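So the structure is just underneath, and the comments pick up after that.
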Amino acid sequence: MHLYGKLCTLFLFLAWCNVAYSAVAPNIPVCPSFEEFTYSYECQPTCATRVCTITSTSPKREACTCKLGYIRAGPKEACIRNSQCKY
């Protein structure tokens, strides 16, 4: 499944992939624009807090995270381009 998601990202068939991927793996959420479903650290950088302190005991989870070149506008907000941060 992970390879399938990566292929969809590479080939940019986003509308088709979101529909096909949710049909093949219904328990995996379809992420909003500029995000991908990953298993990573719970802390996600935001415009206000660009650096997350990660240790060996930092919690991990499966969730939608910002793609490379994007950052969360705020803790519960959408991903935007790094250059769009106001501060």
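The chains in the structure tokens are called A, B, ... from first to last as shown; in each chain the residues are counted from 1, and the ligands are counted from 1 in the order shown.
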Find the spatial neighbours of region 39-45 of chain A, counting only C-alpha atoms, within a cut-off of 7 Å - ignore same-chain residues fewer than 2 positions away - and output them as a PyMOL selection string. chain A and resi 47+49-52+58-63+71-72
Gap from CA of Glu77 (chain A) to CA of Ile54 (chain A) - Å, one decimal: 21.3 Å
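Note that the spacing between CA of Cys79 (chain A) and CA of Phe34 (chain A) amounts to 6.2 Å.
The space separating CA of Ala78 (chain A) from CA of Thr38 (chain A) comes to 15.9 Å.
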